[in-house]
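Enquirer: Attaching a single structure in structure tokens format; questions to follow.
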Amino acid sequence: MALDALTALQAAQRPTAPETALRPQRLLLAGAGGALGRAVLHEALASARFAGIEVLTAGAMQPGLRGLHPTPHDARAATPIAGEIALVVFDRGRDFYGRDEAWHLPEPAELPALARRLRAGGVHTLVVVCPTAPSLLPQALQQGLADLNEQAIAALGFDRLLFVRPTQDAPKPTLANHAERLAAWMLSQLRYMIPARERPVRAQTVAAFVFEVLRQWPGARVPAGTRVAGAPLLWAAAQQAGPAQAVANWLNAEA
């Protein structure tokens with residue numbers, strides 16, 4: 001059935017959707033090693049909603065999956081890194097077969113320079129994912145996470161910036177003598193009394209939460225900006241209903 005002239009004119013005057021909403025966007029992942037990094041990479045590949053997934057690697061690597069683009073990364077470089085959405089995952093590989101050694105594992109001290117390169121390359125959405133169990137990380141990485149300068153990253157002007165902190169654990173202090181170690185052990189027994197909603201969640205839950213936020217945030221009523229997702233929110237996303245409702249309630253709480 002042909003359209004009448006009035007209908008055709010109204011259709012021509014209707015505003016079109018932004019280009020970024022019509023086409024899949026490019027995703028860049030730094031930190032694909034470790035249990036958390038592998039979960040995030042798996043979730044990215046399973047989502048099938050990105051034009052391509054670029055993963056920073058420690059050296060040259062042949063891609064084994066369609067849509068996956070391994071990219072050797074030099075942390076000392078200052079050139080822009082092109083992309084639109086970027087994920088930076090802090091974790092450490094514990095793969096006995098050495099598969100995690102192929103990925104670039106960013107250090108916390110590298111984040112400001114990496115964020116500047118991403119912003120210069122056109123990245124408008126940045127997600128920084130902290131580990132689910134910081135106590136299992138090397139001491140240097142624990143201290144780096146504690147000193148993470150979130151304000152400096154926010155000042156770079158990303159349209160959307162999200163810090164995901166699955167656990168509230170603080171870095172362990174260096175214990176000099178037996179008495180301090182004994183006292184720390186006695187206090188550690190109180191961990192069994194921590195409420196369930198403040199305990200670390202599984203890596204797969206964190207990954208699912210991140211991509212649910214990426215899916216909902218552009219269309220949410222809340223304005224763009226900087227947000228922090230803590231342990232209670234991740235605990236809510238881990239419940240049987242899944243992360244979709246928890247993310248919707250969180251994003252639209254201010255609206």
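By convention here, the chains of the structure tokens are called A, B, ... in the order presented, each chain's residues are numbered starting at 1, and ligands are numbered starting at 1 in the order presented.
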Neighbours of A:Arg117 within 12 Å (only C-alpha atoms; same-chain residues fewer than 6 positions away dropped), as an mmCIF file with C-alpha atoms, in the first residue's frame?

Expert:
data_model
loop_
_atom_site.group_PDB
_atom_site.id
_atom_site.type_symbol
_atom_site.label_atom_id
_atom_site.label_comp_id
_atom_site.auth_asym_id
_atom_site.auth_seq_id
_atom_site.Cartn_x
_atom_site.Cartn_y
_atom_site.Cartn_z
ATOM 1 C CA HIS A 73 50.260 -2.801 23.746
ATOM 2 C CA ASP A 74 53.190 -0.675 24.866
ATOM 3 C CA ALA A 75 52.456 0.983 28.221
ATOM 4 C CA ARG A 76 55.294 3.473 27.627
ATOM 5 C CA ALA A 77 53.736 4.885 24.449
ATOM 6 C CA ALA A 78 51.721 8.109 24.448
ATOM 7 C CA THR A 79 49.792 7.746 21.194
ATOM 8 C CA PRO A 80 45.964 7.755 21.274
ATOM 9 C CA ILE A 81 44.181 4.399 21.403
ATOM 10 C CA ALA A 82 41.156 4.463 19.101
ATOM 11 C CA GLY A 83 37.851 3.139 20.397
ATOM 12 C CA ALA A 86 36.739 0.730 26.908
ATOM 13 C CA GLU A 110 49.234 2.953 34.453
ATOM 14 C CA LEU A 111 45.550 3.920 34.547
ATOM 15 C CA VAL A 123 36.541 6.642 23.804
ATOM 16 C CA HIS A 124 33.369 8.109 25.325
ATOM 17 C CA LEU A 126 35.139 3.936 30.272
ATOM 18 C CA ILE A 153 40.249 9.975 35.620
ATOM 19 C CA LEU A 156 39.413 13.747 31.616
ATOM 20 C CA PHE A 158 34.462 10.893 29.547
#

Enquirer: Could you give me, as an MDAnalysis selection string, each residue of stretch 12-167 of chain A that DSSP assigns to helix (DSSP H, G or I) when run on this structure's backbone?

Expert: chainID A and resid 12:13 19:22 34:47 99:102 108:120 134:136 139:146 150:154

Enquirer: Output N, CA and C atoms for every residue in that selection, as a short mmCIF file (atom, residue, chain, number, x, y, z; two decimals), in the first residue's frame.

Expert:
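Written out: again.cif:
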data_model
loop_
_atom_site.label_atom_id
_atom_site.label_comp_id
_atom_site.auth_asym_id
_atom_site.auth_seq_id
_atom_site.Cartn_x
_atom_site.Cartn_y
_atom_site.Cartn_z
N ALA A 12 9.43 12.17 6.75
CA ALA A 12 10.66 12.87 6.36
C ALA A 12 11.08 13.86 7.42
N GLN A 13 10.12 14.43 8.15
CA GLN A 13 10.45 15.44 9.16
C GLN A 13 10.77 14.84 10.52
N GLU A 19 23.82 8.50 15.06
CA GLU A 19 24.58 7.47 14.35
C GLU A 19 25.09 6.39 15.28
N THR A 20 25.53 6.79 16.49
CA THR A 20 26.08 5.82 17.42
C THR A 20 25.05 4.83 17.90
N ALA A 21 23.75 5.21 17.83
CA ALA A 21 22.71 4.30 18.27
C ALA A 21 22.32 3.33 17.16
N LEU A 22 22.64 3.68 15.88
CA LEU A 22 22.25 2.85 14.75
C LEU A 22 23.28 1.78 14.44
N GLY A 34 43.37 -13.55 34.09
CA GLY A 34 42.80 -13.79 35.40
C GLY A 34 41.34 -14.20 35.28
N ALA A 35 40.78 -14.67 36.38
CA ALA A 35 39.39 -15.14 36.36
C ALA A 35 38.43 -14.02 35.97
N LEU A 36 38.64 -12.83 36.50
CA LEU A 36 37.74 -11.72 36.21
C LEU A 36 37.89 -11.25 34.77
N GLY A 37 39.12 -11.10 34.31
CA GLY A 37 39.34 -10.67 32.93
C GLY A 37 38.79 -11.65 31.92
N ARG A 38 38.95 -12.96 32.19
CA ARG A 38 38.41 -13.97 31.28
C ARG A 38 36.88 -13.92 31.25
N ALA A 39 36.27 -13.68 32.42
CA ALA A 39 34.81 -13.59 32.47
C ALA A 39 34.32 -12.38 31.68
N VAL A 40 35.00 -11.27 31.78
CA VAL A 40 34.61 -10.07 31.03
C VAL A 40 34.76 -10.30 29.54
N LEU A 41 35.86 -10.93 29.12
CA LEU A 41 36.06 -11.21 27.70
C LEU A 41 35.01 -12.17 27.18
N HIS A 42 34.68 -13.19 27.95
CA HIS A 42 33.66 -14.15 27.54
C HIS A 42 32.30 -13.46 27.38
N GLU A 43 31.97 -12.58 28.31
CA GLU A 43 30.69 -11.87 28.25
C GLU A 43 30.66 -10.93 27.03
N ALA A 44 31.80 -10.31 26.72
CA ALA A 44 31.86 -9.42 25.57
C ALA A 44 31.63 -10.19 24.27
N LEU A 45 32.26 -11.35 24.14
CA LEU A 45 32.09 -12.16 22.94
C LEU A 45 30.67 -12.71 22.84
N ALA A 46 30.08 -13.06 23.99
CA ALA A 46 28.75 -13.64 23.98
C ALA A 46 27.68 -12.60 23.67
N SER A 47 27.94 -11.33 23.96
CA SER A 47 26.93 -10.29 23.75
C SER A 47 26.64 -10.05 22.28
N ARG A 99 48.32 -19.23 29.73
CA ARG A 99 47.51 -18.53 28.74
C ARG A 99 47.32 -17.06 29.09
N ASP A 100 47.28 -16.74 30.38
CA ASP A 100 47.05 -15.36 30.79
C ASP A 100 48.25 -14.46 30.51
N GLU A 101 49.41 -15.04 30.33
CA GLU A 101 50.61 -14.24 30.09
C GLU A 101 50.55 -13.53 28.74
N ALA A 102 49.70 -13.98 27.85
CA ALA A 102 49.61 -13.35 26.53
C ALA A 102 48.88 -12.01 26.58
N PRO A 108 47.68 -0.43 38.33
CA PRO A 108 46.93 0.78 38.71
C PRO A 108 47.66 2.08 38.38
N ALA A 109 48.98 2.10 38.51
CA ALA A 109 49.73 3.32 38.21
C ALA A 109 49.65 3.68 36.73
N GLU A 110 49.32 2.72 35.89
CA GLU A 110 49.23 2.95 34.45
C GLU A 110 47.90 3.58 34.05
N LEU A 111 46.90 3.52 34.93
CA LEU A 111 45.55 3.92 34.55
C LEU A 111 45.44 5.36 34.08
N PRO A 112 46.00 6.36 34.78
CA PRO A 112 45.85 7.74 34.29
C PRO A 112 46.35 7.94 32.86
N ALA A 113 47.54 7.42 32.56
CA ALA A 113 48.08 7.57 31.21
C ALA A 113 47.25 6.79 30.20
N LEU A 114 46.82 5.59 30.57
CA LEU A 114 45.99 4.79 29.67
C LEU A 114 44.66 5.48 29.41
N ALA A 115 44.06 6.06 30.44
CA ALA A 115 42.78 6.76 30.27
C ALA A 115 42.94 7.97 29.36
N ARG A 116 44.05 8.69 29.50
CA ARG A 116 44.28 9.85 28.63
C ARG A 116 44.40 9.41 27.16
N ARG A 117 45.08 8.30 26.91
CA ARG A 117 45.23 7.81 25.55
C ARG A 117 43.88 7.35 24.98
N LEU A 118 43.08 6.73 25.83
CA LEU A 118 41.75 6.29 25.39
C LEU A 118 40.86 7.49 25.06
N ARG A 119 40.89 8.49 25.91
CA ARG A 119 40.06 9.68 25.68
C ARG A 119 40.50 10.39 24.41
N ALA A 120 41.81 10.47 24.20
CA ALA A 120 42.32 11.11 22.98
C ALA A 120 41.95 10.32 21.74
N PRO A 134 40.60 -8.68 46.29
CA PRO A 134 41.90 -7.99 46.31
C PRO A 134 42.93 -8.66 47.19
N SER A 135 42.51 -9.40 48.21
CA SER A 135 43.47 -10.03 49.12
C SER A 135 44.31 -11.08 48.42
N LEU A 136 43.88 -11.58 47.25
CA LEU A 136 44.64 -12.58 46.53
C LEU A 136 45.65 -11.97 45.57
N GLN A 139 50.99 -7.71 46.70
CA GLN A 139 50.92 -6.57 47.61
C GLN A 139 50.99 -5.24 46.86
N ALA A 140 51.86 -5.16 45.84
CA ALA A 140 52.00 -3.91 45.10
C ALA A 140 50.71 -3.52 44.40
N LEU A 141 50.02 -4.51 43.85
CA LEU A 141 48.76 -4.22 43.16
C LEU A 141 47.68 -3.83 44.16
N GLN A 142 47.69 -4.45 45.36
CA GLN A 142 46.73 -4.07 46.39
C GLN A 142 46.90 -2.60 46.75
N GLN A 143 48.14 -2.20 46.98
CA GLN A 143 48.40 -0.81 47.37
C GLN A 143 48.00 0.14 46.25
N GLY A 144 48.23 -0.28 44.99
CA GLY A 144 47.86 0.57 43.86
C GLY A 144 46.37 0.79 43.77
N LEU A 145 45.60 -0.27 44.03
CA LEU A 145 44.15 -0.14 43.98
C LEU A 145 43.64 0.78 45.07
N ALA A 146 44.30 0.74 46.22
CA ALA A 146 43.88 1.61 47.33
C ALA A 146 44.13 3.07 47.00
N GLU A 150 40.60 8.28 41.31
CA GLU A 150 39.39 8.31 40.50
C GLU A 150 39.07 9.73 40.04
N GLN A 151 39.40 10.73 40.84
CA GLN A 151 39.10 12.12 40.46
C GLN A 151 39.88 12.53 39.23
N ALA A 152 41.13 12.09 39.13
CA ALA A 152 41.95 12.44 37.97
C ALA A 152 41.38 11.83 36.70
N ILE A 153 40.85 10.62 36.79
CA ILE A 153 40.25 9.98 35.62
C ILE A 153 38.95 10.69 35.24
N ALA A 154 38.15 11.05 36.24
CA ALA A 154 36.88 11.73 35.96
C ALA A 154 37.11 13.08 35.31
#

Enquirer: Compare A:Leu29, A:Trp103, A:Val89, A:Ala231 by their minimum atom-to-atom distance to A:Thr57, counting only C-alpha atoms, and give me the closest one.

Expert: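 Closest to A:Thr57 of all the choices is A:Trp103.
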
Enquirer: Can you measure atom CA of A:Ala220 to atom CA of A:Ala208 for me? One decimal in Å is fine.

Expert: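 Here the two named atoms are 17.9 Å from each other.
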
Enquirer: For A:Leu56, which residue out of A:Gln25, A:Gln239, A:Val88, A:Val247 is the nearest one, using only C-alpha atoms?

Expert: A:Val88

Enquirer: Would you write out, as a Markdown table, a table of all residues in stretch 209-246 of chain A that have an atom no more than 9 Å from an atom of stretch 162-167 of chain A, listing for each the closest atom pair and the distance in Å to one decimal, considering only C-alpha atoms and ordering rows by chain and rising residue number?

Expert:
| residue | atom | partner | partner_atom | distance |
| --- | --- | --- | --- | --- |
| A:Val210 | CA | A:Val164 | CA | 8.0 |
| A:Gly225 | CA | A:Leu162 | CA | 8.4 |
| A:Thr226 | CA | A:Leu162 | CA | 5.8 |
| A:Arg227 | CA | A:Leu162 | CA | 5.0 |
| A:Val228 | CA | A:Phe163 | CA | 4.7 |
| A:Ala229 | CA | A:Val164 | CA | 4.8 |
| A:Gly230 | CA | A:Arg165 | CA | 4.9 |
| A:Ala231 | CA | A:Pro166 | CA | 4.7 |
| A:Pro232 | CA | A:Pro166 | CA | 8.3 |
| A:Leu233 | CA | A:Pro166 | CA | 8.5 |
| A:Leu234 | CA | A:Pro166 | CA | 6.1 |
| A:Trp235 | CA | A:Pro166 | CA | 8.3 |

Enquirer: For A:Ala244, list every protein, DNA or RNA residue within 9 Å, evaluated using only C-alpha atoms, and leave out those in the same chain fewer than 2 positions away; present the list as a ChimeraX atom specification.

Expert: /A:209,212-213,216,237,241-242,246-249

Enquirer: Go ahead and write the residues just picked, C-alpha atoms, as a CSV table (one decimal), in the first residue's frame.

Expert:
chain,number,residue,atom,x,y,z
A,209,PHE,CA,26.6,-6.6,35.6
A,212,GLU,CA,24.0,-4.8,31.6
A,213,VAL,CA,25.1,-1.3,32.6
A,216,GLN,CA,21.0,0.3,29.7
A,237,ALA,CA,22.7,-8.0,40.8
A,241,ALA,CA,16.3,-12.2,39.2
A,242,GLY,CA,19.5,-11.3,37.5
A,246,ALA,CA,19.1,-4.1,39.8
A,247,VAL,CA,20.8,-2.0,37.1
A,248,ALA,CA,17.6,-0.3,36.1
A,249,ASN,CA,16.7,0.6,39.6
